[in-house]
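For reference, work.cif (mmCIF, C-alpha atoms and all ligand atoms):
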data_model
#
loop_
_atom_site.label_atom_id
_atom_site.label_comp_id
_atom_site.auth_asym_id
_atom_site.auth_seq_id
_atom_site.Cartn_x
_atom_site.Cartn_y
_atom_site.Cartn_z
CA MET A 1 26.78 22.73 -88.41
CA ASP A 2 27.05 24.35 -84.99
CA LEU A 3 23.53 24.33 -83.68
CA SER A 4 24.43 26.21 -80.49
CA ARG A 5 23.52 29.43 -82.33
CA LEU A 6 19.94 28.35 -81.71
CA VAL A 7 20.25 29.19 -78.02
CA SER A 8 18.14 32.24 -77.25
CA ALA A 9 19.60 35.56 -76.15
CA ARG A 10 17.56 35.09 -72.96
CA ALA A 11 19.32 31.86 -72.07
CA ARG A 12 22.70 33.28 -73.04
CA ALA A 13 22.15 36.22 -70.70
CA VAL A 14 21.90 33.91 -67.68
CA ASP A 15 25.31 33.42 -66.15
CA ALA A 16 26.25 30.18 -64.35
CA SER A 17 25.89 30.65 -60.62
CA ARG A 18 29.15 31.67 -58.97
CA ILE A 19 28.21 29.27 -56.17
CA ARG A 20 28.58 26.39 -58.63
CA ARG A 21 32.00 27.72 -59.63
CA VAL A 22 33.09 27.54 -56.00
CA PHE A 23 31.87 23.94 -55.86
CA GLU A 24 33.96 23.20 -58.93
CA LEU A 25 37.05 24.74 -57.33
CA ALA A 26 36.30 22.70 -54.25
CA ARG A 27 36.37 19.40 -56.10
CA THR A 28 40.15 19.56 -55.81
CA LEU A 29 39.89 19.50 -51.99
CA LYS A 30 39.84 16.38 -49.87
CA ASP A 31 37.21 16.52 -47.14
CA PRO A 32 36.98 20.34 -46.95
CA ILE A 33 35.33 22.17 -44.06
CA ASN A 34 32.28 23.04 -46.04
CA LEU A 35 30.64 26.28 -44.92
CA SER A 36 29.01 26.92 -48.27
CA ILE A 37 25.90 24.79 -48.01
CA GLY A 38 22.51 26.45 -48.38
CA GLN A 39 20.43 23.71 -46.89
CA PRO A 40 19.73 22.54 -43.35
CA ASP A 41 21.77 19.75 -41.80
CA PHE A 42 19.00 17.78 -40.11
CA PRO A 43 16.87 14.88 -41.34
CA VAL A 44 13.36 15.42 -42.68
CA PRO A 45 10.99 15.04 -39.70
CA GLU A 46 9.59 11.55 -39.51
CA PRO A 47 5.87 12.38 -39.92
CA ILE A 48 6.65 14.09 -43.24
CA ARG A 49 8.75 11.18 -44.47
CA ARG A 50 6.07 8.68 -43.49
CA ALA A 51 3.31 10.65 -45.20
CA ALA A 52 5.30 10.85 -48.44
CA ILE A 53 6.08 7.12 -48.34
CA ALA A 54 2.43 6.33 -47.61
CA ALA A 55 1.41 8.43 -50.62
CA ILE A 56 3.71 6.41 -52.89
CA GLU A 57 2.42 3.12 -51.48
CA ARG A 58 -1.18 4.25 -51.80
CA GLY A 59 -0.66 5.14 -55.43
CA ASP A 60 -0.91 8.93 -55.12
CA ASN A 61 1.76 9.26 -57.77
CA GLY A 62 -0.15 10.93 -60.55
CA TYR A 63 -0.78 14.55 -61.47
CA THR A 64 -2.49 16.67 -58.89
CA VAL A 65 -4.65 19.71 -59.44
CA THR A 66 -2.46 22.67 -60.35
CA GLN A 67 -3.28 24.73 -57.27
CA GLY A 68 -2.22 21.91 -54.92
CA ILE A 69 -3.98 19.05 -53.13
CA GLU A 70 -6.82 20.06 -50.85
CA PRO A 71 -5.38 18.70 -47.55
CA LEU A 72 -2.20 20.73 -48.05
CA ARG A 73 -4.11 23.84 -49.09
CA GLN A 74 -6.18 23.49 -45.94
CA ALA A 75 -3.08 23.11 -43.76
CA ILE A 76 -1.48 26.22 -45.30
CA THR A 77 -4.74 28.15 -45.05
CA ARG A 78 -4.97 27.31 -41.34
CA ARG A 79 -1.38 28.34 -40.79
CA LEU A 80 -1.76 31.68 -42.58
CA GLY A 81 -4.98 32.32 -40.66
CA ASP A 82 -3.52 31.47 -37.24
CA GLU A 83 -0.23 33.23 -37.76
CA LEU A 84 -1.05 36.22 -39.93
CA GLY A 85 -4.82 36.56 -39.77
CA TRP A 86 -5.04 35.96 -43.53
CA SER A 87 -8.17 34.45 -44.93
CA ILE A 88 -7.78 32.49 -48.16
CA GLY A 89 -10.94 32.89 -50.21
CA SER A 90 -12.37 34.98 -53.00
CA GLU A 91 -9.99 37.94 -52.60
CA THR A 92 -6.83 36.22 -51.42
CA GLY A 93 -5.57 33.20 -53.33
CA LEU A 94 -3.10 30.42 -52.61
CA LEU A 95 -0.94 28.37 -54.97
CA VAL A 96 1.26 25.41 -54.04
CA THR A 97 4.39 25.72 -56.17
CA THR A 98 7.41 23.75 -57.32
CA GLY A 99 9.79 25.15 -54.75
CA THR A 100 9.92 28.73 -53.63
CA SER A 101 11.79 29.33 -56.87
CA GLY A 102 8.68 28.22 -58.77
CA ALA A 103 6.59 30.81 -56.95
CA LEU A 104 9.12 33.59 -57.60
CA MET A 105 9.44 32.68 -61.28
CA LEU A 106 5.68 32.61 -61.82
CA ALA A 107 5.28 35.93 -60.01
CA ALA A 108 7.90 37.53 -62.25
CA LEU A 109 6.26 36.09 -65.37
CA VAL A 110 2.92 37.52 -64.32
CA LEU A 111 4.13 40.93 -63.16
CA LEU A 112 6.95 41.90 -65.50
CA ASP A 113 6.70 43.00 -69.11
CA PRO A 114 9.89 43.86 -71.00
CA GLY A 115 11.14 47.18 -69.68
CA ASP A 116 9.47 46.86 -66.26
CA ASP A 117 11.50 47.26 -63.11
CA ILE A 118 11.71 44.99 -60.11
CA ILE A 119 13.58 46.36 -57.10
CA ILE A 120 15.76 43.80 -55.36
CA PRO A 121 18.07 44.10 -52.38
CA ASP A 122 21.82 44.01 -52.91
CA PRO A 123 23.10 41.60 -51.63
CA TYR A 124 20.42 39.31 -53.04
CA PHE A 125 19.45 35.67 -53.34
CA VAL A 126 21.06 34.52 -56.61
CA MET A 127 17.77 34.03 -58.43
CA TYR A 128 16.46 37.59 -58.06
CA PRO A 129 18.42 39.24 -60.89
CA GLN A 130 17.51 36.33 -63.16
CA LEU A 131 13.81 36.96 -62.57
CA ALA A 132 14.35 40.14 -64.56
CA THR A 133 16.67 38.59 -67.15
CA LEU A 134 14.20 35.82 -67.93
CA THR A 135 11.22 38.12 -68.34
CA GLY A 136 12.93 41.01 -70.13
CA GLY A 137 12.44 43.18 -67.06
CA LYS A 138 15.13 45.15 -65.30
CA ALA A 139 16.50 44.39 -61.86
CA VAL A 140 17.01 47.61 -59.95
CA TYR A 141 19.48 46.99 -57.16
CA CYS A 142 18.94 48.58 -53.78
CA PRO A 143 22.21 48.68 -51.85
CA THR A 144 21.45 47.71 -48.26
CA GLY A 145 24.89 47.75 -46.62
CA PRO A 146 26.43 48.02 -44.17
CA ASP A 147 23.50 46.82 -42.04
CA PHE A 148 21.76 44.93 -44.89
CA ARG A 149 18.28 46.25 -44.17
CA LEU A 150 15.89 46.91 -47.03
CA THR A 151 14.28 50.05 -45.62
CA ALA A 152 11.58 52.21 -47.16
CA SER A 153 13.95 55.17 -47.29
CA ARG A 154 16.46 53.17 -49.31
CA VAL A 155 13.80 51.84 -51.69
CA GLU A 156 11.79 55.00 -52.25
CA PRO A 157 14.24 56.87 -54.52
CA LEU A 158 14.40 53.82 -56.81
CA ILE A 159 10.67 53.65 -57.54
CA THR A 160 9.65 54.91 -60.98
CA ALA A 161 6.58 54.64 -63.20
CA ARG A 162 8.08 51.36 -64.47
CA THR A 163 8.36 49.71 -61.05
CA LYS A 164 6.07 46.74 -60.60
CA ALA A 165 7.41 45.13 -57.45
CA VAL A 166 9.89 45.21 -54.60
CA VAL A 167 11.39 41.98 -53.30
CA LEU A 168 12.00 41.70 -49.57
CA CYS A 169 14.01 38.74 -48.29
CA SER A 170 13.85 38.45 -44.51
CA PRO A 171 15.44 36.48 -42.89
CA GLY A 172 17.91 37.24 -45.62
CA ASN A 173 20.08 35.10 -47.80
CA PRO A 174 23.06 35.76 -47.79
CA THR A 175 23.07 37.96 -44.68
CA GLY A 176 20.71 36.34 -42.17
CA VAL A 177 19.44 39.84 -41.36
CA VAL A 178 15.82 40.03 -40.18
CA CYS A 179 13.76 43.20 -40.64
CA THR A 180 11.91 44.61 -37.67
CA GLN A 181 8.14 44.72 -37.83
CA ALA A 182 8.34 48.52 -38.08
CA GLU A 183 10.64 48.27 -41.13
CA CYS A 184 8.22 45.79 -42.74
CA ARG A 185 5.31 48.14 -42.05
CA ASP A 186 7.10 51.13 -43.58
CA LEU A 187 8.02 49.18 -46.68
CA LEU A 188 4.46 47.94 -47.08
CA GLU A 189 3.10 51.48 -46.66
CA LEU A 190 5.51 52.71 -49.33
CA CYS A 191 4.45 49.99 -51.79
CA ARG A 192 0.80 50.63 -51.02
CA SER A 193 1.11 54.34 -51.56
CA ARG A 194 2.88 53.82 -54.91
CA GLY A 195 0.57 51.05 -56.12
CA ILE A 196 3.20 48.33 -56.44
CA MET A 197 3.52 44.81 -55.08
CA LEU A 198 5.73 43.79 -52.20
CA ILE A 199 7.00 40.26 -52.77
CA SER A 200 7.99 38.91 -49.37
CA ASP A 201 10.31 35.93 -49.74
CA GLU A 202 10.03 34.23 -46.35
CA ILE A 203 11.61 30.90 -47.13
CA TYR A 204 13.50 31.10 -43.79
CA ASP A 205 10.44 32.18 -41.78
CA GLU A 206 10.81 29.43 -39.18
CA PHE A 207 14.47 30.21 -38.57
CA VAL A 208 14.19 33.41 -36.56
CA PHE A 209 16.30 33.74 -33.43
CA SER A 210 14.99 34.90 -30.08
CA ASP A 211 16.35 38.44 -30.39
CA ALA A 212 14.80 39.07 -33.82
CA ARG A 213 11.25 37.87 -33.20
CA THR A 214 8.39 40.34 -33.42
CA GLU A 215 7.95 42.25 -30.19
CA PRO A 216 4.34 41.30 -29.36
CA TRP A 217 4.72 37.75 -30.56
CA ALA A 218 8.02 37.11 -28.84
CA THR A 219 6.26 36.69 -25.54
CA ARG A 220 4.24 33.80 -26.91
CA SER A 221 5.45 30.30 -26.30
CA GLU A 222 5.57 29.56 -30.03
CA ALA A 223 9.09 29.75 -31.38
CA ARG A 224 8.09 31.11 -34.75
CA ALA A 225 7.37 34.76 -34.93
CA CYS A 226 8.99 36.10 -38.03
CA PRO A 227 8.50 39.82 -38.53
CA SER A 228 6.67 40.18 -41.84
CA PRO A 229 4.79 42.77 -43.88
CA ALA A 230 2.11 40.06 -44.14
CA ARG A 231 1.28 40.64 -40.44
CA GLU A 232 0.03 44.15 -41.10
CA PRO A 233 -3.74 44.68 -41.34
CA GLY A 234 -5.03 44.35 -44.91
CA ALA A 235 -1.58 43.28 -46.15
CA SER A 236 -2.88 40.55 -48.44
CA ALA A 237 -3.96 43.18 -50.99
CA ASN A 238 -0.37 44.33 -51.55
CA VAL A 239 1.85 41.47 -50.45
CA LEU A 240 2.73 38.34 -52.36
CA LEU A 241 3.82 36.05 -49.56
CA VAL A 242 6.26 33.40 -50.75
CA ARG A 243 7.26 30.60 -48.42
CA GLY A 244 8.73 27.17 -48.77
CA PHE A 245 9.11 23.79 -47.14
CA GLY A 246 12.58 22.92 -48.42
CA LYS A 247 14.74 24.89 -46.01
CA THR A 248 12.32 24.63 -43.13
CA TYR A 249 11.94 20.87 -43.09
CA GLY A 250 15.23 19.83 -44.69
CA LEU A 251 13.70 18.71 -47.98
CA THR A 252 15.13 21.11 -50.55
CA GLY A 253 15.19 18.37 -53.19
CA TRP A 254 11.46 17.79 -52.90
CA ARG A 255 10.82 21.19 -54.50
CA MET A 256 7.98 22.52 -52.39
CA GLY A 257 6.81 26.08 -51.87
CA TYR A 258 3.70 28.22 -51.92
CA ALA A 259 2.54 31.71 -52.72
CA ALA A 260 -0.41 33.60 -51.27
CA GLY A 261 -1.62 37.01 -52.28
CA PRO A 262 -4.30 38.94 -54.12
CA HIS A 263 -6.48 36.84 -56.36
CA TRP A 264 -5.70 38.96 -59.46
CA LEU A 265 -2.08 37.81 -59.11
CA ILE A 266 -2.51 34.22 -57.90
CA GLU A 267 -5.02 33.41 -60.63
CA PRO A 268 -2.66 34.10 -63.59
CA MET A 269 0.22 32.48 -61.68
CA THR A 270 -1.96 29.36 -61.43
CA ARG A 271 -2.72 29.51 -65.15
CA LEU A 272 0.98 29.76 -65.98
CA GLN A 273 1.79 26.91 -63.62
CA GLN A 274 -0.69 24.78 -65.51
CA PHE A 275 1.37 25.13 -68.67
CA SER A 276 4.83 25.02 -67.12
CA TYR A 277 5.44 23.19 -63.85
CA VAL A 278 1.90 21.66 -64.01
CA ASN A 279 1.85 20.85 -60.29
CA ALA A 280 4.22 20.66 -57.36
CA PRO A 281 5.50 17.06 -56.90
CA SER A 282 2.56 14.97 -55.76
CA ILE A 283 4.23 12.82 -53.11
CA ALA A 284 6.04 15.85 -51.68
CA GLN A 285 2.69 17.61 -51.35
CA TRP A 286 1.30 14.67 -49.39
CA GLY A 287 4.36 14.65 -47.16
CA CYS A 288 4.12 18.38 -46.44
CA VAL A 289 0.55 18.03 -45.18
CA GLU A 290 2.24 16.93 -41.95
CA ALA A 291 4.78 19.76 -41.90
CA PHE A 292 3.14 22.37 -39.70
CA GLY A 293 2.71 19.87 -36.88
CA CYS A 294 6.48 19.40 -36.58
CA ASP A 295 8.30 21.23 -33.80
CA LEU A 296 11.41 22.91 -35.13
CA SER A 297 12.28 24.83 -31.97
CA PRO A 298 15.23 22.57 -30.95
CA ILE A 299 16.74 23.06 -34.41
CA VAL A 300 16.22 26.82 -34.35
CA ALA A 301 17.80 26.95 -30.88
CA GLU A 302 20.78 24.99 -32.20
CA TYR A 303 21.19 27.40 -35.13
CA GLU A 304 20.99 30.29 -32.69
CA ARG A 305 23.88 28.78 -30.69
CA ARG A 306 25.89 28.42 -33.89
CA ARG A 307 25.05 32.02 -34.84
CA ASP A 308 26.37 33.14 -31.45
CA LEU A 309 29.56 31.17 -32.00
CA VAL A 310 30.15 32.62 -35.47
CA THR A 311 29.53 36.23 -34.43
CA ARG A 312 31.62 35.82 -31.26
CA LEU A 313 34.60 34.59 -33.29
CA LEU A 314 34.26 37.07 -36.15
CA SER A 315 33.12 40.32 -34.49
CA PRO A 316 36.57 41.07 -33.02
CA VAL A 317 38.20 40.82 -36.46
CA THR A 318 35.69 42.29 -38.89
CA ASP A 319 32.27 43.89 -39.46
CA VAL A 320 29.51 41.31 -39.37
CA ALA A 321 25.81 42.17 -39.23
CA VAL A 322 24.36 39.91 -36.54
CA PRO A 323 22.11 37.38 -38.28
CA GLY A 324 18.63 37.37 -36.77
CA GLY A 325 17.65 34.22 -38.64
CA ALA A 326 18.30 31.76 -41.47
CA PHE A 327 21.70 30.03 -41.19
CA TYR A 328 24.11 32.44 -42.81
CA ALA A 329 26.51 35.14 -41.75
CA TYR A 330 27.95 37.69 -44.16
CA PRO A 331 31.17 39.14 -42.76
CA ARG A 332 33.20 41.77 -44.55
CA VAL A 333 36.68 40.93 -45.77
CA PRO A 334 38.72 43.44 -43.71
CA PRO A 335 39.66 46.25 -46.12
CA ALA A 336 43.20 46.30 -44.65
CA LEU A 337 43.83 42.93 -46.33
CA GLY A 338 43.32 44.50 -49.76
CA LEU A 339 41.51 41.38 -51.00
CA THR A 340 38.23 40.91 -52.83
CA GLY A 341 35.76 38.32 -51.58
CA GLN A 342 36.87 36.03 -54.40
CA GLN A 343 40.56 36.39 -53.49
CA PHE A 344 39.77 35.81 -49.84
CA ILE A 345 37.78 32.63 -50.47
CA GLU A 346 40.68 31.32 -52.55
CA ARG A 347 42.86 31.81 -49.48
CA CYS A 348 40.26 29.92 -47.44
CA LEU A 349 40.34 27.11 -50.01
CA GLN A 350 44.11 26.84 -49.50
CA HIS A 351 43.27 26.12 -45.86
CA ASN A 352 40.63 23.59 -46.82
CA VAL A 353 37.67 25.83 -45.92
CA LEU A 354 34.88 26.35 -48.40
CA VAL A 355 32.85 29.59 -48.33
CA ILE A 356 31.11 31.66 -51.00
CA PRO A 357 32.43 35.03 -52.19
CA GLY A 358 30.19 38.09 -51.96
CA ASN A 359 30.27 38.51 -55.74
CA ALA A 360 27.87 35.55 -56.00
CA PHE A 361 25.25 37.70 -54.25
CA SER A 362 26.19 41.27 -55.00
CA ARG A 363 27.63 43.63 -57.53
CA GLU A 364 30.26 44.32 -54.86
CA ASP A 365 32.87 41.75 -53.90
CA THR A 366 33.65 42.82 -50.37
CA HIS A 367 32.15 40.06 -48.20
CA ILE A 368 31.89 36.29 -47.88
CA ARG A 369 28.93 34.10 -46.97
CA ILE A 370 29.37 31.54 -44.24
CA SER A 371 26.68 28.91 -43.78
CA PHE A 372 26.37 27.47 -40.30
CA ALA A 373 24.20 24.58 -41.40
CA THR A 374 27.01 22.19 -40.68
CA ASP A 375 28.47 20.12 -37.88
CA PRO A 376 29.26 22.55 -34.99
CA THR A 377 32.78 21.21 -34.37
CA ARG A 378 33.72 21.62 -38.03
CA LEU A 379 31.99 24.99 -38.06
CA GLU A 380 34.10 26.21 -35.16
CA GLN A 381 37.30 24.91 -36.81
CA GLY A 382 36.40 26.61 -40.08
CA VAL A 383 35.40 29.94 -38.55
CA ARG A 384 38.59 30.02 -36.45
CA ILE A 385 40.61 29.57 -39.65
CA ILE A 386 38.62 32.37 -41.34
CA ALA A 387 39.12 34.66 -38.33
CA ASP A 388 42.88 33.98 -38.41
CA LEU A 389 43.01 34.74 -42.13
CA MET A 390 41.06 37.94 -41.53
CA ARG A 391 43.56 39.01 -38.89
CA GLY A 392 46.12 38.83 -41.73
C1 LIG A 401 15.99 33.54 -50.18
C2 LIG A 401 15.69 32.33 -50.98
N1 LIG A 401 14.57 32.29 -51.72
C3 LIG A 401 14.26 31.23 -52.46
C4 LIG A 401 15.08 30.12 -52.52
C5 LIG A 401 14.70 28.97 -53.41
O1 LIG A 401 14.20 27.95 -52.66
P1 LIG A 401 13.56 26.62 -53.24
O2 LIG A 401 14.60 25.57 -53.08
O3 LIG A 401 12.35 26.37 -52.39
O4 LIG A 401 13.21 26.87 -54.66
C6 LIG A 401 16.26 30.10 -51.77
C7 LIG A 401 17.17 28.96 -51.84
O5 LIG A 401 18.34 29.03 -51.47
C8 LIG A 401 16.57 31.24 -50.97
O6 LIG A 401 17.68 31.28 -50.22
#
What would you get if you wrote out this structure as structure tokens?
Ligand SMILES: Cc1ncc(COP(=O)(O)O)c(C=O)c1O
Amino acid sequence: MDLSRLVSARARAVDASRIRRVFELARTLKDPINLSIGQPDFPVPEPIRRAAIAAIERGDNGYTVTQGIEPLRQAITRRLGDELGWSIGSETGLLVTTGTSGALMLAALVLLDPGDDIIIPDPYFVMYPQLATLTGGKAVYCPTGPDFRLTASRVEPLITARTKAVVLCSPGNPTGVVCTQAECRDLLELCRSRGIMLISDEIYDEFVFSDARTEPWATRSEARACPSPAREPGASANVLLVRGFGKTYGLTGWRMGYAAGPHWLIEPMTRLQQFSYVNAPSIAQWGCVEAFGCDLSPIVAEYERRRDLVTRLLSPVTDVAVPGGAFYAYPRVPPALGLTGQQFIERCLQHNVLVIPGNAFSREDTHIRISFATDPTRLEQGVRIIADLMRG
């Protein structure tokens, strides 16, 4: 008997990621120029590695408390206090999660009942539509092109009585676009006035380039200064701040993230974590205690140089929103070519270059995503090939 009928409608509704399909296509290539990778190309900083190894050797391999080990909670609390003026305590809670994905999933489970709306940007990080699919909610797409900014004026017409939350992703995946502080403020004000949550996915918060940093903070010596709705006074009542360690410190496989926000939201997220993920990986938590002491500025500067290279090569041949952060660019396939993103990436594959089509991140298929988290020489080779193909 075919037991596959037992698979739920929920699971059937989740489509395989188009990114994986590109990887499958790519298996036929020998040593491709791979500009598809969504993780940093630098080693985990040594203090983090040492702390994780020490935790294993010490025997800190068992379950931890669901909310996360105290030394890590303290480190995050200090960071959120210093950077954003947040105070973790009775009104604002903190949960260490199994990746940023874990935080997003728990937030969706807590906020969305069947029939509820969650507004997400289009283009989006691949998980966002699934947050709705998996909870019975509805993803309401907010088109953000051609500049890829999720502005209050674009979001406002989409808010209904069913809307529970808006997801902001800045620096953005797949576009690299960074909101200004004024745009963050307007979006927060909108959510506040309509009584809905603003989920701010800031997994790329450390990767903000010099020209996209917040105006007042940019004069500080610290490299990090990611514009964020969380910087606004009293934001913690309306913002669920979601950040991660994976992209920032090159440890995506360790599955580490955290969420901070109003206690009424963090408390049920913690309860659900107890019966699902249980706790973020113990040894990874111990490693990440050392994370905030690591200086990423040379890496961010290197990514900024690569960003400059990519935009310099592509701007003459197509529209490309200048990435203010992360490590992606999202150029348009020139309409004169008459090709979809998918058709264009197949052409790139014929030239041994691997990139992701826009239809992995959007209901449109007009762009491609280029990751510059790769060796700069290969990056330049690959982007020159793409620029030539775009010239037609
Ligand atoms: C915008 C965004 N949010 C969340 C995630 C998920 O990150 P994690 O690996 O920490 O679950 C990613 C990963 O690519 C991402 O790009």
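Take atom CA of A:Val126 and atom CA of A:Ile19: the distance between them is 8.9 Å.
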Around all the atoms of ligand LIG 401 (chain A) listed in the file, with 3 Å of room on each side, what axis-aligned box do you get, giving centre and edge lengths in Å to one decimal, as JSON?
{"center_x": 15.3, "center_y": 29.6, "center_z": -52.4, "size_x": 12.0, "size_y": 14.0, "size_z": 10.5}
> Interatomic distance between atom CA of A:Pro316 and atom CA of A:Arg391?
Replying inline: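 Interatomic distance here is 9.4 Å.
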>> I'd like the neighbourhood of A:Ile299 as a list in words, where a residue qualifies if any of its atoms comes within 10 Å (using only C-alpha atoms), though same-chain residues fewer than 2 positions away should be ignored.
In response: Pro40, Asp41, Phe42, Glu206, Phe207, Thr248, Asp295, Leu296, Ser297, Ala301, Glu302, Tyr303, Glu304 and Arg305 of chain A
>> Could you list, as a list in words, every residue within 6 Å of stretch 363-368 of chain A, counting all atoms listed in the file and ignoring same-chain residues fewer than 2 positions away?
In response: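 Those residues are Tyr330, Pro331, Arg332, Val333, Thr340, Gly341, Ile356, Pro357, Gly358 and Asn359 of chain A.
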Contacts between ligand LIG 401 (chain A) and chain A, please, where a residue of chain A counts if it comes within 8 Å (with all atoms listed in the file); show its shortest atom pair and distance in Å to one decimal, rows by chain and ascending number, as CSV.
residue,atom,partner,partner_atom,distance
A:Gly38,CA,A:LIG401,O5,5.8
A:Gln39,CA,A:LIG401,O5,7.3
A:Thr98,CA,A:LIG401,O4,7.1
A:Gly99,CA,A:LIG401,O3,3.7
A:Thr100,CA,A:LIG401,O3,3.6
A:Ser101,CA,A:LIG401,O4,3.6
A:Gly102,CA,A:LIG401,O4,6.3
A:Leu104,CA,A:LIG401,C3,7.6
A:Tyr124,CA,A:LIG401,C1,7.8
A:Phe125,CA,A:LIG401,C1,5.1
A:Val126,CA,A:LIG401,C8,7.9
A:Met127,CA,A:LIG401,C3,7.5
A:Cys169,CA,A:LIG401,C1,5.9
A:Ser170,CA,A:LIG401,C1,7.8
A:Pro171,CA,A:LIG401,C1,7.9
A:Gly172,CA,A:LIG401,C1,6.2
A:Asn173,CA,A:LIG401,C1,5.0
A:Pro174,CA,A:LIG401,O6,7.4
A:Asp201,CA,A:LIG401,N1,5.9
A:Glu202,CA,A:LIG401,C1,7.1
A:Ile203,CA,A:LIG401,N1,5.6
A:Tyr204,CA,A:LIG401,C1,7.3
A:Arg243,CA,A:LIG401,O3,7.7
A:Gly244,CA,A:LIG401,O3,5.2
A:Phe245,CA,A:LIG401,O3,6.7
A:Gly246,CA,A:LIG401,O3,5.3
A:Lys247,CA,A:LIG401,O3,7.0
A:Thr252,CA,A:LIG401,O2,5.2
A:Gly253,CA,A:LIG401,O2,7.2
A:Arg255,CA,A:LIG401,O3,5.8
A:Met256,CA,A:LIG401,O3,5.8
A:Gly257,CA,A:LIG401,O3,5.6
>> Tell me which residues come within 10 Å of (6.1, 55.4, -46.6), as a list in words, counting only C-alpha atoms in the file's coordinates.
In response: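 The residues that fall inside the cut-off are Thr151, Ala152, Ser153, Val155, Glu156, Arg185, Asp186, Leu187, Leu188, Glu189, Leu190, Cys191, Arg192, Ser193 and Arg194 of chain A.
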>> Show me, as a list in words, the residues that have an atom within 7 Å of A:Ile118 when counting all atoms listed in the file, minus same-chain residues fewer than 2 positions from it.
In response: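 Within the cut-off, the hits are Asp116, Ile120, Lys138, Ala139, Val140, Thr163, Lys164, Ala165 and Val166 of chain A.
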> Which distance in Å separates atom CA of A:Gly145 and atom CA of A:Ala259, to one decimal?
Replying inline: 28.2 Å
